[in-house]
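Colleague: Take this structure, written in structure tokens, and hold onto it; I'll ask about it next.
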Amino acid sequence: MARKPILTASEAAALVKDGMTITTSGFVGSCMPEALTKALEQRFLTTNSPQNLTFVYSSAQGNHDGSGADHFAHEGMTRRVIGGHWNLAPQLGRMVLENKIEGYNLPQGVLCKLYRDIASRSLGHITHVGIGTFVDPRIEGGKLNRMTQEDLIEVIHINGQERLLFKAIPLDIAFIRGTYADESGNVTLEREVASLEATSMAQAVHNCGGKVIVQVERLVQDGTLDPRLVKIPGIYVDGIVVCKVPDDHAQSLGCEYDGSMCGEFRATISNGNPVPLSAKKIIGRRAAMELSAGKVVNLGIGAPEYVALVAGEEGISNCITLTVEGGPVGGIPQAGVRFGACVNAECILDQPYQFDFYDGGGLDLCFLGLAEVDNNGDVNVSRLGTRITGSGGFTNISSNSKKAVFCGTFTNGVKIQTGDGKLTILEEGKKHKFVKKVTEITFSGVVAGKAGKDVLYVTERAVFALKADGIHLIEVAPGIDVQTQVLDEMDFEPIVDRDADGNVKLMDARIFKDEVMGMTIE
């Protein structure tokens with residue numbers, strides 16, 4: 001095979017022309033080709049070129065610090081953004097809110113699988129995911145502002161079943177992150193926390209007639225790479241950039257390399273000191289009581305992360321298998337800038353395969369966040385006030401898991417006191433989360449209800465269940481007054497399940513004690 005061009009980051013950036021559609025790899029603070037996207041941003045700031053780009057990415061990219069997707073956040077540089085998660089690129093989100101660029105939010109699982117459909121020259125990706133949510137074209141069609149007009153999604157009917165068609169997007173250039181490349185352009189990813197959709201992305205861009213540029217840690221001699229580790233064969237690759245600045249090729253932004261997150265070795269794990277009892281730990285404890293042995297689980301960020309912490313403290317972690325949408329199966333999911341990685345994973349799949357498993361109902365249980373819930377059981381996490389967060393994998397995961405448990409505080413900003421077996425509200429939160437109508441439907445309670453899906457909403461003071469006739473209040477915390485501290489703090493009236501004496505079932509008092517619960521699962 002002919003040797004591939006070895007480029008500088010600036011030379012690679014020069015390949016991006018006005019009006020092109022560019023796609024990049026990355027998952028939160030990992031797997032991002034920072035040297036390439038920084039060089040492209042610098043070129044625009046210096047020369048006012050390229051202009052009017054369309055930027056496509058499937059997963060969250062960045063860390064609220066101008067990294068990742070925010071390298072594209074300049075007027076004139078970017079015309080349109082199609083992304084799976086926006087929260088870590090606040091400058092891009094601000095441009096959408098100010099109607100300076102067109103913006104779309106599509107489910108992360110749809111986008112990462114759409115690369116495969118683009119590669120195979122299909123019309124697009126056909127799926128049930130998103131029906132009844134904000135991406136449904138009968139609702140918002142994934143459009144984020146008034147200047148975004150083109151319909152990228154259609155409702156279609158096949159064999160009597162309703163589906164959404166996410167249209168294929170022609171791609172001109174890809175910036176992808178790898179580990180090693182040989183002189184023929186074969187690329188491995190063994191020091192990355194996940195392989196994500198790197199193979200599918202490279203195939204898609206190549207088959208669109210575009211250029212695939214890969215940023216790597218090191219160039220090696222032909223014949224020295226294990227072909228079983230090559231994720232991007234040289235036949236897809238048009239140029240290689242060897243990163244010269246270590247910080248631009250950190251395994252995760254600002255973090256030292258950890259081989260336990262890519263299978264190089266297995267780390268010794270200690271449960272450490274117990275996490276202090278808080279509202280989020282209370283939520284994590286009650287949610288963890290839904291676990292049972294042998295289940296395959298996905299955890300979201302925020303309050304759901306406490307489910308894993310509680311499982312560790314209670315010694316039941318080895319009874320379940322945790323997974324992350326980016327591809328890891330098993331091990332310990334990481335948080336913060338390393339979200340998407342797992343320490344001691346048993347397997348790291350390509351992200352599209354992980355979402356195939358999720359979308360087909362492979363997940364037994366998911367624990368996800370909640371920002372708003374309404375009387376239909378709809379949940380919003382994708383648009384919070386004036387901030388665009390995006391759905392990420394939430395829509396795929398929540399709508400396809402056999403059971404969904406949404407976790408969050410009852411009101412926004414509540415302050416509590418606990419530890420003695422009961423809950424005391426010291427200061428009520430200023431914003432209700434249980435509202436008449438959610439700002440945006442990230443999870444459709446209507447669709448879930450028709451399907452008879454098992455859905456719970458767990459807060460620090462109350463637990464609700466979605467049933468055929470609506471939202472039911474099924475448990476309250478010891479010490480909480482149902483009327484004044486639950487029902488009066490909601491914008492709709494749930495159905496209250498009471499016993500023969502007119503009482504609502506109490507949450508387990510162990511949840512509210514500052515000691516190990518002694519939890520077991522079967």
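Residue numbers start at 1 in each chain; chains themselves are named A, B, ... in the order of the structure tokens; ligands are numbered from 1 in the order shown.
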Looking only at strand (DSSP E or B) from DSSP on the backbone, list the matching residues of stretch 106-197 of chain A as a PyMOL selection string.
Modeller: chain A and resi 124-127+143+153-158+161-167+173-177+180-182+187-188
Colleague: Considering only C-alpha atoms, return as a PyMOL selection string whatever protein or nucleic-acid residues lie within 12 Å of A:Glu162, sequence-local ones (same chain, fewer than 4 positions apart) excluded.
Modeller: chain A and resi 126-132+136+154-158
Colleague: Do you know which residues are at most 12 Å from A:Ala250 counting only C-alpha atoms, after dropping those on the same chain fewer than 5 positions away, and could you put them as a short mmCIF file (atom, residue, chain, number, x, y, z; two decimals) with N, CA and C atoms, in the first residue's frame?
Modeller:
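Result written to around20.cif:
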data_model
loop_
_atom_site.label_atom_id
_atom_site.label_comp_id
_atom_site.auth_asym_id
_atom_site.auth_seq_id
_atom_site.Cartn_x
_atom_site.Cartn_y
_atom_site.Cartn_z
N GLY A 29 -14.68 14.29 27.34
CA GLY A 29 -13.30 14.79 27.29
C GLY A 29 -12.31 13.82 26.71
N SER A 30 -12.78 12.75 26.08
CA SER A 30 -11.90 11.71 25.55
C SER A 30 -12.05 11.58 24.04
N CYS A 31 -11.00 11.04 23.42
CA CYS A 31 -11.04 10.64 22.00
C CYS A 31 -11.20 11.81 21.03
N MET A 32 -10.92 13.03 21.48
CA MET A 32 -11.09 14.20 20.61
C MET A 32 -9.79 14.56 19.90
N PRO A 33 -9.84 14.87 18.60
CA PRO A 33 -8.65 15.28 17.86
C PRO A 33 -8.35 16.77 18.08
N GLU A 34 -7.97 17.11 19.30
CA GLU A 34 -7.83 18.51 19.69
C GLU A 34 -6.81 19.26 18.84
N ALA A 35 -5.72 18.62 18.46
CA ALA A 35 -4.72 19.31 17.63
C ALA A 35 -5.32 19.77 16.32
N ARG A 177 -9.55 10.74 15.94
CA ARG A 177 -8.45 10.52 16.86
C ARG A 177 -8.12 9.03 16.93
N GLY A 178 -6.82 8.69 16.80
CA GLY A 178 -6.36 7.32 16.96
C GLY A 178 -5.16 7.27 17.88
N THR A 179 -4.57 6.10 18.01
CA THR A 179 -3.39 5.93 18.86
C THR A 179 -2.12 5.87 18.02
N ARG A 191 -5.02 2.83 22.99
CA ARG A 191 -4.83 3.66 24.19
C ARG A 191 -5.98 4.65 24.39
N GLU A 192 -7.05 4.47 23.62
CA GLU A 192 -8.25 5.30 23.76
C GLU A 192 -9.22 4.60 24.73
N VAL A 193 -10.07 5.37 25.39
CA VAL A 193 -11.02 4.78 26.34
C VAL A 193 -12.15 4.06 25.62
N GLN A 215 -5.59 11.99 13.62
CA GLN A 215 -4.58 12.47 14.57
C GLN A 215 -4.15 11.30 15.44
N VAL A 216 -2.82 11.05 15.50
CA VAL A 216 -2.33 9.93 16.28
C VAL A 216 -1.21 10.37 17.21
N GLU A 217 -0.91 9.48 18.13
CA GLU A 217 0.15 9.72 19.10
C GLU A 217 1.53 9.47 18.50
N CYS A 243 0.48 14.13 16.64
CA CYS A 243 0.29 15.24 17.58
C CYS A 243 1.61 15.56 18.28
N LYS A 244 1.98 16.81 18.27
CA LYS A 244 3.25 17.25 18.87
C LYS A 244 3.08 17.79 20.29
N VAL A 245 1.85 18.11 20.68
CA VAL A 245 1.58 18.69 22.00
C VAL A 245 0.85 17.64 22.84
N CYS A 255 -6.19 14.89 32.16
CA CYS A 255 -6.00 13.70 32.99
C CYS A 255 -4.76 12.92 32.55
N GLU A 256 -4.10 12.31 33.52
CA GLU A 256 -3.00 11.41 33.20
C GLU A 256 -3.53 10.14 32.57
N TYR A 257 -2.69 9.49 31.78
CA TYR A 257 -3.06 8.24 31.14
C TYR A 257 -3.32 7.17 32.18
N ASP A 258 -4.40 6.40 31.98
CA ASP A 258 -4.75 5.31 32.89
C ASP A 258 -5.04 4.07 32.04
N VAL A 337 -15.12 14.59 33.36
CA VAL A 337 -14.51 14.69 32.04
C VAL A 337 -14.22 13.31 31.46
N ARG A 338 -14.18 12.28 32.33
CA ARG A 338 -13.91 10.91 31.86
C ARG A 338 -15.19 10.11 31.66
#
Colleague: Enumerate as a ChimeraX atom specification all residues of stretch 108-342 of chain A assigned to alpha helix (DSSP H) by DSSP on the backbone, naming them with the chain letters and numbers the document uses.
Modeller: /A:108-119,198-207,279-288,305-313
Colleague: Write out as a PyMOL selection string each polymer residue whose atoms come within 7 Å of stretch 141-152 of chain A, counting only C-alpha atoms; drop sequence neighbours fewer than 3 positions from it.
Modeller: chain A and resi 96-97+99+102-106+134-138+166-167
Colleague: Measuring between only C-alpha atoms, which one of A:Thr188, A:Asn376, A:Ser382, A:Thr459 shows the shortest distance to A:Val414?
Modeller: A:Thr459
Colleague: Would you mind reading off the distance between atom CA of A:Glu98 and atom CA of A:Pro170, one decimal, in Å?
Modeller: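 These atoms are spaced 26.8 Å apart.
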Colleague: Taking into account only C-alpha atoms, which residue in the set A:Ile316, A:Leu466, A:Ala119, A:Leu189 is nearest to A:Pro494?
Modeller: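 For A:Pro494, the nearest of the given residues is A:Leu466.
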Colleague: Between atom CA of A:Val307 and atom CA of A:Ile416, what is the distance, to one decimal in Å?
Modeller: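 Atom-to-atom, atom CA of A:Val307 and atom CA of A:Ile416 are spaced 19.4 Å apart.
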Colleague: What does the structure give for the distance between atom CA of A:Tyr57 and atom CA of A:Arg43, in Å to one decimal?
Modeller: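 One can read the atom CA of A:Tyr57 to atom CA of A:Arg43 distance as 20.5 Å.
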Colleague: Kindly indicate which residue among A:Leu349, A:Leu229, A:Ile118, A:Cys262 lies nearest to A:Gly327, using only C-alpha atoms for the distances.
Modeller: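 Using only C-alpha atoms, A:Gly327 sits closest to A:Leu349.
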Colleague: Pick out the residues sitting within 12 Å of A:Val324, and hand them over as a VMD selection string; count only C-alpha atoms, and ignore anything fewer than 2 positions along from it in its own chain.
Modeller: chain A and resid 27 109 193 to 194 196 296 to 301 305 321 to 322 326 to 335 338 to 343 345 to 351 353 to 355 357 to 358 363 366 to 367 393 to 394 397
Colleague: Could you write those residues out with N, CA and C atoms, as a short mmCIF file (atom, residue, chain, number, x, y, z; two decimals), in the first residue's frame?
Modeller:
data_model
loop_
_atom_site.label_atom_id
_atom_site.label_comp_id
_atom_site.auth_asym_id
_atom_site.auth_seq_id
_atom_site.Cartn_x
_atom_site.Cartn_y
_atom_site.Cartn_z
N PHE A 27 -15.86 11.84 22.82
CA PHE A 27 -16.90 11.51 23.79
C PHE A 27 -16.56 12.24 25.07
N GLY A 109 -27.55 7.87 19.76
CA GLY A 109 -27.55 6.54 19.18
C GLY A 109 -27.94 6.54 17.72
N VAL A 193 -10.07 5.37 25.39
CA VAL A 193 -11.02 4.78 26.34
C VAL A 193 -12.15 4.06 25.62
N ALA A 194 -12.34 4.34 24.34
CA ALA A 194 -13.38 3.68 23.54
C ALA A 194 -13.06 3.87 22.07
N LEU A 196 -15.58 4.09 19.89
CA LEU A 196 -16.71 4.90 19.43
C LEU A 196 -17.15 4.48 18.03
N VAL A 296 -28.41 -6.14 33.33
CA VAL A 296 -27.53 -5.29 32.53
C VAL A 296 -28.07 -3.87 32.62
N VAL A 297 -27.20 -2.93 33.02
CA VAL A 297 -27.66 -1.61 33.46
C VAL A 297 -26.88 -0.50 32.75
N ASN A 298 -27.56 0.62 32.53
CA ASN A 298 -26.90 1.85 32.08
C ASN A 298 -27.18 2.95 33.09
N LEU A 299 -26.14 3.74 33.40
CA LEU A 299 -26.27 4.85 34.33
C LEU A 299 -26.04 6.17 33.61
N GLY A 300 -26.89 7.15 33.86
CA GLY A 300 -26.67 8.50 33.36
C GLY A 300 -25.77 9.29 34.29
N ILE A 301 -25.60 10.57 33.99
CA ILE A 301 -24.76 11.44 34.80
C ILE A 301 -25.59 12.13 35.87
N GLU A 305 -25.42 8.60 39.01
CA GLU A 305 -24.09 8.10 39.32
C GLU A 305 -24.02 7.53 40.74
N THR A 321 -24.13 -5.90 35.80
CA THR A 321 -23.17 -5.47 34.78
C THR A 321 -23.54 -4.06 34.33
N LEU A 322 -22.66 -3.13 34.60
CA LEU A 322 -22.86 -1.75 34.17
C LEU A 322 -22.30 -1.56 32.77
N GLY A 326 -20.99 4.67 25.15
CA GLY A 326 -19.84 4.79 24.25
C GLY A 326 -19.25 3.46 23.84
N GLY A 327 -19.56 2.38 24.57
CA GLY A 327 -19.07 1.07 24.19
C GLY A 327 -18.62 0.15 25.29
N PRO A 328 -18.13 0.65 26.46
CA PRO A 328 -17.67 -0.26 27.51
C PRO A 328 -18.80 -1.11 28.10
N VAL A 329 -18.47 -2.37 28.36
CA VAL A 329 -19.37 -3.30 29.03
C VAL A 329 -18.64 -3.83 30.26
N GLY A 330 -19.28 -3.73 31.43
CA GLY A 330 -18.65 -4.16 32.66
C GLY A 330 -17.70 -3.11 33.21
N GLY A 331 -17.15 -3.40 34.37
CA GLY A 331 -16.23 -2.45 35.00
C GLY A 331 -16.96 -1.34 35.74
N ILE A 332 -16.22 -0.26 35.97
CA ILE A 332 -16.72 0.85 36.78
C ILE A 332 -16.80 2.11 35.92
N PRO A 333 -18.00 2.57 35.58
CA PRO A 333 -18.12 3.79 34.76
C PRO A 333 -17.53 5.00 35.48
N GLN A 334 -16.87 5.86 34.70
CA GLN A 334 -16.24 7.05 35.24
C GLN A 334 -17.17 8.26 35.09
N ALA A 335 -16.87 9.30 35.85
CA ALA A 335 -17.71 10.50 35.85
C ALA A 335 -16.90 11.70 35.36
N ARG A 338 -14.18 12.28 32.33
CA ARG A 338 -13.91 10.91 31.86
C ARG A 338 -15.19 10.11 31.66
N PHE A 339 -16.34 10.75 31.73
CA PHE A 339 -17.59 10.04 31.48
C PHE A 339 -17.51 9.41 30.10
N GLY A 340 -17.92 8.16 30.01
CA GLY A 340 -17.78 7.40 28.78
C GLY A 340 -16.75 6.31 28.88
N ALA A 341 -15.86 6.44 29.86
CA ALA A 341 -14.83 5.43 30.10
C ALA A 341 -15.24 4.53 31.25
N CYS A 342 -14.67 3.32 31.29
CA CYS A 342 -14.86 2.40 32.41
C CYS A 342 -13.50 1.87 32.85
N VAL A 343 -13.28 1.83 34.13
CA VAL A 343 -12.12 1.12 34.68
C VAL A 343 -12.45 -0.36 34.72
N ALA A 345 -13.09 -2.55 32.30
CA ALA A 345 -14.18 -3.04 31.44
C ALA A 345 -13.88 -4.47 30.99
N GLU A 346 -14.95 -5.24 30.79
CA GLU A 346 -14.81 -6.59 30.28
C GLU A 346 -14.73 -6.60 28.76
N CYS A 347 -15.29 -5.57 28.14
CA CYS A 347 -15.35 -5.48 26.69
C CYS A 347 -15.55 -4.02 26.32
N ILE A 348 -14.97 -3.59 25.20
CA ILE A 348 -15.23 -2.25 24.68
C ILE A 348 -15.69 -2.39 23.24
N LEU A 349 -16.98 -2.21 23.03
CA LEU A 349 -17.58 -2.31 21.71
C LEU A 349 -17.48 -0.99 20.97
N ASP A 350 -17.64 -1.03 19.65
CA ASP A 350 -17.88 0.20 18.91
C ASP A 350 -19.23 0.76 19.36
N GLN A 351 -19.34 2.08 19.43
CA GLN A 351 -20.57 2.69 19.93
C GLN A 351 -21.82 2.29 19.14
N TYR A 353 -22.57 -0.51 17.80
CA TYR A 353 -22.99 -1.84 18.24
C TYR A 353 -23.63 -1.76 19.63
N GLN A 354 -23.10 -0.90 20.49
CA GLN A 354 -23.69 -0.74 21.81
C GLN A 354 -25.14 -0.26 21.69
N PHE A 355 -25.37 0.69 20.79
CA PHE A 355 -26.72 1.21 20.62
C PHE A 355 -27.63 0.22 19.88
N PHE A 357 -27.60 -2.91 20.62
CA PHE A 357 -28.01 -3.69 21.79
C PHE A 357 -29.06 -2.93 22.60
N TYR A 358 -28.80 -1.64 22.84
CA TYR A 358 -29.75 -0.83 23.60
C TYR A 358 -31.09 -0.71 22.88
N LEU A 363 -30.98 -3.75 27.28
CA LEU A 363 -30.82 -3.24 28.65
C LEU A 363 -31.99 -3.67 29.53
N CYS A 366 -32.29 1.08 33.30
CA CYS A 366 -31.47 2.29 33.18
C CYS A 366 -31.85 3.25 34.29
N PHE A 367 -30.85 3.98 34.76
CA PHE A 367 -31.04 5.03 35.75
C PHE A 367 -30.59 6.33 35.10
N GLY A 393 -27.47 10.20 24.67
CA GLY A 393 -28.04 8.87 24.50
C GLY A 393 -29.34 8.67 25.25
N PHE A 394 -29.83 9.70 25.93
CA PHE A 394 -30.99 9.60 26.82
C PHE A 394 -32.23 9.03 26.11
N ILE A 397 -31.78 5.29 25.21
CA ILE A 397 -31.69 4.43 26.39
C ILE A 397 -33.01 4.37 27.14
#
Colleague: Residues at most 10 Å from A:Pro274, counting only C-alpha atoms, excluding those fewer than 6 positions away in the same chain, as a VMD selection string?
Modeller: chain A and resid 309 to 310 312 to 314 514 to 516
Colleague: Would you please work out which residue, of A:Lys38, A:His85, A:Arg80, A:His432, is nearest to A:Pro107 when using only C-alpha atoms?
Modeller: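 Ranking A:Lys38, A:His85, A:Arg80, A:His432 by distance to A:Pro107, first place goes to A:His85.
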Colleague: Leaving out stretch 442-451 of chain A and any residue of its chain fewer than 4 positions from it, which residues lie within 6 Å of it when counting only C-alpha atoms, given as a list of chain:residue names?
Modeller: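 Close residues of stretch 442-451 of chain A: A:Gly132, A:Thr133, A:Asn376, A:Gly377, A:Asp378, A:Val379, A:Asn380, A:Thr395, A:Ala468.
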Colleague: Suppose we keep N, CA and C atoms; can you now write the selection as an mmCIF file, in the first residue's frame?
Modeller:
data_model
loop_
_atom_site.group_PDB
_atom_site.id
_atom_site.type_symbol
_atom_site.label_atom_id
_atom_site.label_comp_id
_atom_site.auth_asym_id
_atom_site.auth_seq_id
_atom_site.Cartn_x
_atom_site.Cartn_y
_atom_site.Cartn_z
ATOM 1 N N GLY A 132 -42.666 10.455 19.261
ATOM 2 C CA GLY A 132 -43.330 11.090 20.390
ATOM 3 C C GLY A 132 -42.465 12.026 21.202
ATOM 4 N N THR A 133 -41.195 12.183 20.790
ATOM 5 C CA THR A 133 -40.286 13.090 21.495
ATOM 6 C C THR A 133 -40.030 14.330 20.648
ATOM 7 N N ASN A 376 -48.125 13.619 31.947
ATOM 8 C CA ASN A 376 -48.116 12.520 30.982
ATOM 9 C C ASN A 376 -47.006 11.514 31.287
ATOM 10 N N GLY A 377 -46.115 11.892 32.208
ATOM 11 C CA GLY A 377 -44.937 11.068 32.449
ATOM 12 C C GLY A 377 -43.783 11.421 31.543
ATOM 13 N N ASP A 378 -43.960 12.458 30.713
ATOM 14 C CA ASP A 378 -42.868 12.927 29.852
ATOM 15 C C ASP A 378 -41.729 13.461 30.713
ATOM 16 N N VAL A 379 -40.505 13.295 30.245
ATOM 17 C CA VAL A 379 -39.331 13.793 30.951
ATOM 18 C C VAL A 379 -38.530 14.697 30.015
ATOM 19 N N ASN A 380 -38.053 15.793 30.556
ATOM 20 C CA ASN A 380 -37.172 16.707 29.828
ATOM 21 C C ASN A 380 -35.817 16.755 30.505
ATOM 22 N N THR A 395 -32.535 9.538 24.928
ATOM 23 C CA THR A 395 -33.758 9.118 24.238
ATOM 24 C C THR A 395 -33.673 7.653 23.840
ATOM 25 N N ALA A 468 -51.086 3.014 33.587
ATOM 26 C CA ALA A 468 -51.947 3.217 32.423
ATOM 27 C C ALA A 468 -52.814 4.461 32.553
#
Colleague: Of the candidates A:Thr8, A:Thr411, A:Val205, A:Thr484, which one gets nearest to A:Lys430 if we count only C-alpha atoms?
Modeller: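 Closest to A:Lys430 of all the choices is A:Thr411.
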Colleague: Which is closer to A:Val237 than all the others in A:Gly284, A:Gly19, A:Pro5, A:Gly452, using only C-alpha atoms?
Modeller: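 The answer is A:Pro5, which sits nearest to A:Val237.
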Colleague: For the contact check between stretch 256-312 of chain A and stretch 471-477 of chain A, emit one row per residue of stretch 256-312 of chain A within 12 Å, containing the shortest atom pair and the distance in Å rounded to one decimal, counting only C-alpha atoms, chain then rising number order, as CSV.
Modeller:
residue,atom,partner,partner_atom,distance
A:Ala279,CA,A:Ala477,CA,11.6
A:Ile282,CA,A:Ala477,CA,10.0
A:Ile283,CA,A:Ala477,CA,10.9
A:Arg286,CA,A:Ala477,CA,10.3
Colleague: Could you take the residues named above and write them with all heavy atoms, as a compact mmCIF listing (two decimals), in the first residue's frame?
Modeller:
# COMPACT_ATOMS: atom_id res chain seq x y z
N ALA A 279 -28.98 14.47 49.51
CA ALA A 279 -30.18 14.23 48.71
C ALA A 279 -29.90 13.27 47.57
O ALA A 279 -30.68 12.34 47.30
CB ALA A 279 -30.73 15.55 48.18
N ILE A 282 -29.48 9.72 48.86
CA ILE A 282 -30.80 9.17 49.17
C ILE A 282 -31.46 8.65 47.90
O ILE A 282 -32.00 7.54 47.86
CB ILE A 282 -31.67 10.23 49.86
CG1 ILE A 282 -31.17 10.49 51.28
CG2 ILE A 282 -33.14 9.82 49.87
CD1 ILE A 282 -31.79 11.71 51.93
N ILE A 283 -31.40 9.46 46.86
CA ILE A 283 -31.99 9.07 45.57
C ILE A 283 -31.29 7.82 45.05
O ILE A 283 -31.94 6.88 44.57
CB ILE A 283 -31.88 10.23 44.57
CG1 ILE A 283 -32.75 11.41 45.02
CG2 ILE A 283 -32.27 9.78 43.16
CD1 ILE A 283 -32.44 12.71 44.31
N ARG A 286 -32.47 4.70 47.06
CA ARG A 286 -33.81 4.22 46.71
C ARG A 286 -33.81 3.63 45.30
O ARG A 286 -34.45 2.60 45.04
CB ARG A 286 -34.82 5.37 46.81
CG ARG A 286 -36.23 4.97 46.35
CD ARG A 286 -36.77 3.80 47.14
NE ARG A 286 -38.06 3.33 46.61
CZ ARG A 286 -38.18 2.46 45.61
NH1 ARG A 286 -37.10 1.96 45.01
NH2 ARG A 286 -39.39 2.07 45.21
